[in-house]
Amino acid sequence: MFMIYKEMWNRRKMIHTLSLQEMKREYAGTVLGAFWGLVNPLMRIAVFWFVFSVGARAGGPVNGAPFIAWLSIGMVAWFLLNDGFKLSQKSFRSKRNIIKNTPFPISILPAVQIAFAFYTHLILLVVMLVITAIGLKSISFYWLQILYYDFAALMLLIGLGAVTAPIVAVSKDFGRFLDTILVFLFWMTPIFWSIENLKGLEQLWFIEYIVKLNPFHYIVQGYRDSVFYQVGFWEQPVYTLYFWGLVFFLLILGNYLYKRMKPIFLDLL
Amino acid sequence: MEYAVSVKSLSKKYKLYTDKWGPIKEVISKKKLHNEFLALNNISLDFPKGESIGVLGKNGSGKSTLLKIITGIAEPSNGNVDVRGSLVFLDVSSGIDAELSGYDNIFMKGTLLGYSREEMQEKLDDIIDFSELEEFIHQPVKNYSSGMRAKLGFAISVNVNPDILIVDEALAVGDSIFREKCMKKMNEFKEKGKTIIFVSHDKNAVESFCSKAAWIHKGQLVMYGESKEVCRDYQLFMSGKRSIESIKAEKTLINMVEEVKTEGQYNSKIRISGKLYENSTNSSEGSYRIKLINNRTRQHVTIPIERNRYNGEDSEIPKERLSTAGFTASVQLEEYSQFLLPDNYSFYIQLSQDGNWAEVPLSAGKEFSAVQLDSSLPKFRTEIITLNDQLSIKVENHKKLNEQVNKIWYEENYLCLEGVAYVKELETTKESDVSLNLILKNKETYESKSFKATMLYTKEITDNSSLNPEKKNYDYSHFSCKVCLDDLGEGELEAYFHFEHLSGAEIYASAWASLFQNYDTALREIGHKTAEVKTVSKYLTIELKKK
């Protein structure tokens, strides 16, 4: 049932090396190299902060946390989810040259891309945490909870990657569709608007629950809970249970899809 | 026998959709909307350990698909593959990443093949050395030439030291020095008891390098065996000399002529009998016939055969086939008097299979002794012989015609020839003693036309003491002949002489024309055609073409 994840675990060293190669490849020919992996997200955070707090004048503190810090931490989580998902769903398609030429366990490819996204994320995370710690002049043990949420994010990404990558390998249209979904999720997930804002809508109370169904929200909210609000994941057991149930389901489905579709997408790639 | 790779009843099907919505429509409507393409059809093959095995086949025959399945890059639709040992697959692009430098690619490929960075570090010097890339190793591969890429790919693949190396046409790109180096390296490989599977459409590479070879055609295994044999048959097929059916039939169709008897007046009827059966499990038992072919012109006739009980002794024939394992064929030579002119002819057995005629030589063993048909065809000496273990007929003139075309020129629409023709000991004192015809035979259609030559009085041969020491009379030994080119169809026409003497002797010989300077060989326009006299082979041919 978990055949491909066993494979990933057995080949964790290979995944690690390949993801570093991937980083090398990504920044091959640039002078600044992996530095760009930091500059790009920082710029995006800056743009969003400018648009919302200066342009739209919506940048008030969120439950006591300064908007810029609140936005940044949420975005750090979002970038991991976004990049990991985007890269892993395309992983079979983008690595077709290798798949078609070299015999190796291709089931690890989504994991390679997720590891690549994760390493880029780690750099950004460390930088952002340092800046936040200096800016807020406070630090707490709850920050360690980010390790848990990173782990949760990785598991979610592996599940999503395992489910989507084989389908994208067969259908290019599905890949386009997922890209569109990602944009949708970005705006629908409370990343630069607080979920608190939904509480004002009396008749549309269910929207809050729909938004919460999005597993990405669990991670983004978890990041903020850890850094600003000192809330443990055990304090919302139902939501945590829902998240892991979903991850579990995705993992099983991903394994099944991979086994079913491998012969098909090998021919179609 | 220990094998490195074993393939059992392997098939690979590809679905070909003409409509890009096809796959979706098919799921919804459950109708079959694709054409199936069988890239591999039930292939079973063992690749023995420690040998180099060639896989031959023309482009699109399925050989690369077979390799991809062996390496695990593609999945079979049916059957299974068993690979024992580590395996490296090498083809022209070899999964080399164009963005990375050659150096990084070494580690990248190493990682994919399951080697750690440290292990690759050890092999690094050997690889860079072997690749001859020197300072270019740190350049991005996208700037490499195709030869350099192939060198890098090969250098990595052979130096990681796998148990099985699979090479797919990869050597076609490198220069000859590098190719030699690769061959040397692969030979070292073989000596270490490792297995090489070498895929090519070039039989020379396979023949020189591989001890065994498999030949795949249209997804089916045609032959598997010693590389020399396989390459020879592959070559015969590729050059268009033999069909696949014939090559397959040669392995399974056992035939042997055991007796050739002559009967009838002048012994002109010959009866050929022997054994003939198919030694294969899926015997189709199609219809058989004999083909008699002129070895030079490829003109042929077919002769029906009768299947009957085999009465000889042969324990290899399956019992249930004995009742049809014999054959007899009767040939009435007079029927073929227009066909059996002086030349060599060979017998083949033809077998019809799904509308195609496969043919194999009709074999005659060493114990078969030639049958001379002395008086069967009084015109020519006819002999049934074995030529390379194949039953053949040799037809020769009884006497030699001394002939030469002296002059060729055009007169309006006529081609005029003059020359000498006489046969020693056949005296020609009067014009009526001799009759000579020039025959023009189309090389492709075998259509022939005969033109009567006029014999002219001359003392040239009669008085020539070196040609005629016996002082016989050859007064009518000059000929003159006019060929009306309007009557002839297009094509290349070979010229023959048909010489008949009052005594009854007949001789049939190609027209000898070696006096080039006396011939008008310019291209000539005759009506809607052009004519050209050709004597390159010293035998006269005339080529007629549409203008």
# chains A, B, ... in the order shown; residues from 1 in each chain; ligands from 1
>>> interface_residues(of="chain A", to="chain B", cutoff="7 Å", atoms="only C-alpha atoms", output="list in words")
Met14, Gln21, Arg25, Ala28, Asn97, Ile98, Ile99, Lys100, Asn101, Thr102, Pro103, Phe104, Pro263, Leu266 and Asp267 of chain A
>>> residues_around(residues="segment 298-300 of chain B", least_positions_apart="2", cutoff="10 Å", atoms="only C-alpha atoms", output="list of chain:residue names")
B:Lys291, B:Leu292, B:Ile293, B:Asn294, B:Asn295, B:Arg296, B:Thr302, B:Phe339, B:Leu340, B:Tyr345, B:Ser346, B:Phe347, B:Lys443, B:Glu444, B:Thr445, B:Tyr446
>>> select_by_dssp(residues="segment 88-218 of chain A", states="helix (DSSP H, G or I)", output="ChimeraX atom specification")
/A:88-89,91-94,96-101,106-136,141-170,172-188,195-200,206-213,215-218
>>> select_by_dssp(residues="segment 87-226 of chain B", states="strand (DSSP E)", output="number ranges by chain")
B: 87-91, 164-168, 195-200, 212-217, 220-226
>>> closest_residue(among="B:Leu67, B:Val301, B:Ala505, B:Met223", to="Leu401 of chain B", atoms="only C-alpha atoms")
B:Ala505
>>> residues_around(residues="Ile210 of chain A", least_positions_apart="3", cutoff="12 Å", atoms="only C-alpha atoms", output="list in words")
Leu185, Met188, Thr189, Pro190, Ile195, Leu198, Leu204, Trp205, Phe206, Ile207, Leu213, Asn214, Pro215 and His217 of chain A
>>> residues_around(residues="segment 116-131 of chain A", least_positions_apart="3", cutoff="9 Å", atoms="only C-alpha atoms", output="ChimeraX atom specification")
/A:16,18-23,34,37-38,41-42,69,72-73,76-77,79-85,87,111-113,134-136,143,150,154,227
>>> residues_around(residues="Gln220 of chain B", least_positions_apart="2", cutoff="7 Å", atoms="only C-alpha atoms", output="number ranges by chain")
B: 40-43, 216-218, 222
>>> write_last_selection(atoms="C-alpha atoms", output="tab-separated table (two decimals), in the first residue's frame")
chain	number	residue	atom	x	y	z
B	40	LEU	CA	7.13	-6.49	-29.96
B	41	ASN	CA	5.33	-9.70	-30.62
B	42	ASN	CA	5.98	-12.65	-28.37
B	43	ILE	CA	9.75	-12.52	-28.10
B	216	ILE	CA	14.24	-8.57	-34.92
B	217	HIS	CA	11.90	-7.66	-37.70
B	218	LYS	CA	8.51	-6.01	-37.23
B	222	VAL	CA	13.51	-13.79	-36.92
>>> residues_around(residues="segment 155-163 of chain A", least_positions_apart="3", cutoff="9 Å", atoms="only C-alpha atoms", output="short mmCIF file (atom, residue, chain, number, x, y, z; two decimals) with C-alpha atoms, in the first residue's frame")
data_model
loop_
_atom_site.label_atom_id
_atom_site.label_comp_id
_atom_site.auth_asym_id
_atom_site.auth_seq_id
_atom_site.Cartn_x
_atom_site.Cartn_y
_atom_site.Cartn_z
CA ILE A 4 6.50 4.01 -3.44
CA TYR A 5 7.02 5.70 -0.07
CA LEU A 81 3.45 24.45 -0.53
CA GLY A 84 6.57 21.86 -3.85
CA PHE A 85 3.17 21.22 -5.40
CA LYS A 86 3.95 22.94 -8.67
CA LEU A 87 7.25 21.12 -9.17
CA SER A 88 6.17 17.70 -7.96
CA GLN A 89 3.04 17.49 -10.11
CA LYS A 90 5.19 18.14 -13.18
CA SER A 91 8.06 15.96 -12.02
CA SER A 107 8.81 6.90 -8.26
CA PRO A 110 8.11 13.86 -7.00
CA ALA A 111 10.04 13.57 -3.74
CA ILE A 114 9.68 18.44 -3.04
CA ASP A 150 7.14 21.47 7.99
CA PHE A 151 6.89 17.75 8.43
CA ALA A 152 3.15 17.93 7.91
CA PRO A 166 1.09 10.37 -12.76
CA ILE A 167 -2.06 12.11 -13.99
CA PRO A 215 -5.19 21.47 3.87
CA PHE A 216 -2.86 24.29 2.86
CA PHE A 243 -5.54 16.94 8.03
CA TRP A 244 -3.77 13.67 8.69
CA LEU A 246 -6.58 13.57 4.24
CA VAL A 247 -2.81 13.06 3.94
CA PHE A 248 -3.24 9.37 4.60
CA PHE A 249 -5.89 9.13 1.92
CA LEU A 250 -3.72 11.01 -0.58
CA LEU A 251 -0.75 8.76 0.11
CA ILE A 252 -2.76 5.60 -0.49
CA LEU A 253 -4.38 7.03 -3.60
CA GLY A 254 -0.98 8.19 -4.88
CA ASN A 255 0.53 4.77 -4.47
CA TYR A 256 -2.39 3.19 -6.28
CA LEU A 257 -2.33 5.70 -9.11
CA TYR A 258 1.40 5.32 -9.60
#
>>> residues_around(residues="Ile305 of chain B", least_positions_apart="3", cutoff="9 Å", atoms="only C-alpha atoms", output="ChimeraX atom specification")
/B:288-290,327-330
>>> write_last_selection(atoms="C-alpha atoms", output="PDB file, in the first residue's frame")
ATOM      1  CA  TYR B 288       4.608 -26.060 -52.490  1.00  0.00           C
ATOM      2  CA  ARG B 289       6.122 -25.798 -55.919  1.00  0.00           C
ATOM      3  CA  ILE B 290       9.532 -25.800 -57.530  1.00  0.00           C
ATOM      4  CA  PHE B 327       7.826 -35.256 -53.053  1.00  0.00           C
ATOM      5  CA  THR B 328       8.131 -35.829 -56.761  1.00  0.00           C
ATOM      6  CA  ALA B 329       8.257 -33.395 -59.608  1.00  0.00           C
ATOM      7  CA  SER B 330       8.364 -34.132 -63.295  1.00  0.00           C
TER       8      SER B 330
END
>>> atom_distance(atom1="atom CA of Leu417 of chain B", atom2="atom CA of Leu544 of chain B")
16.6 Å
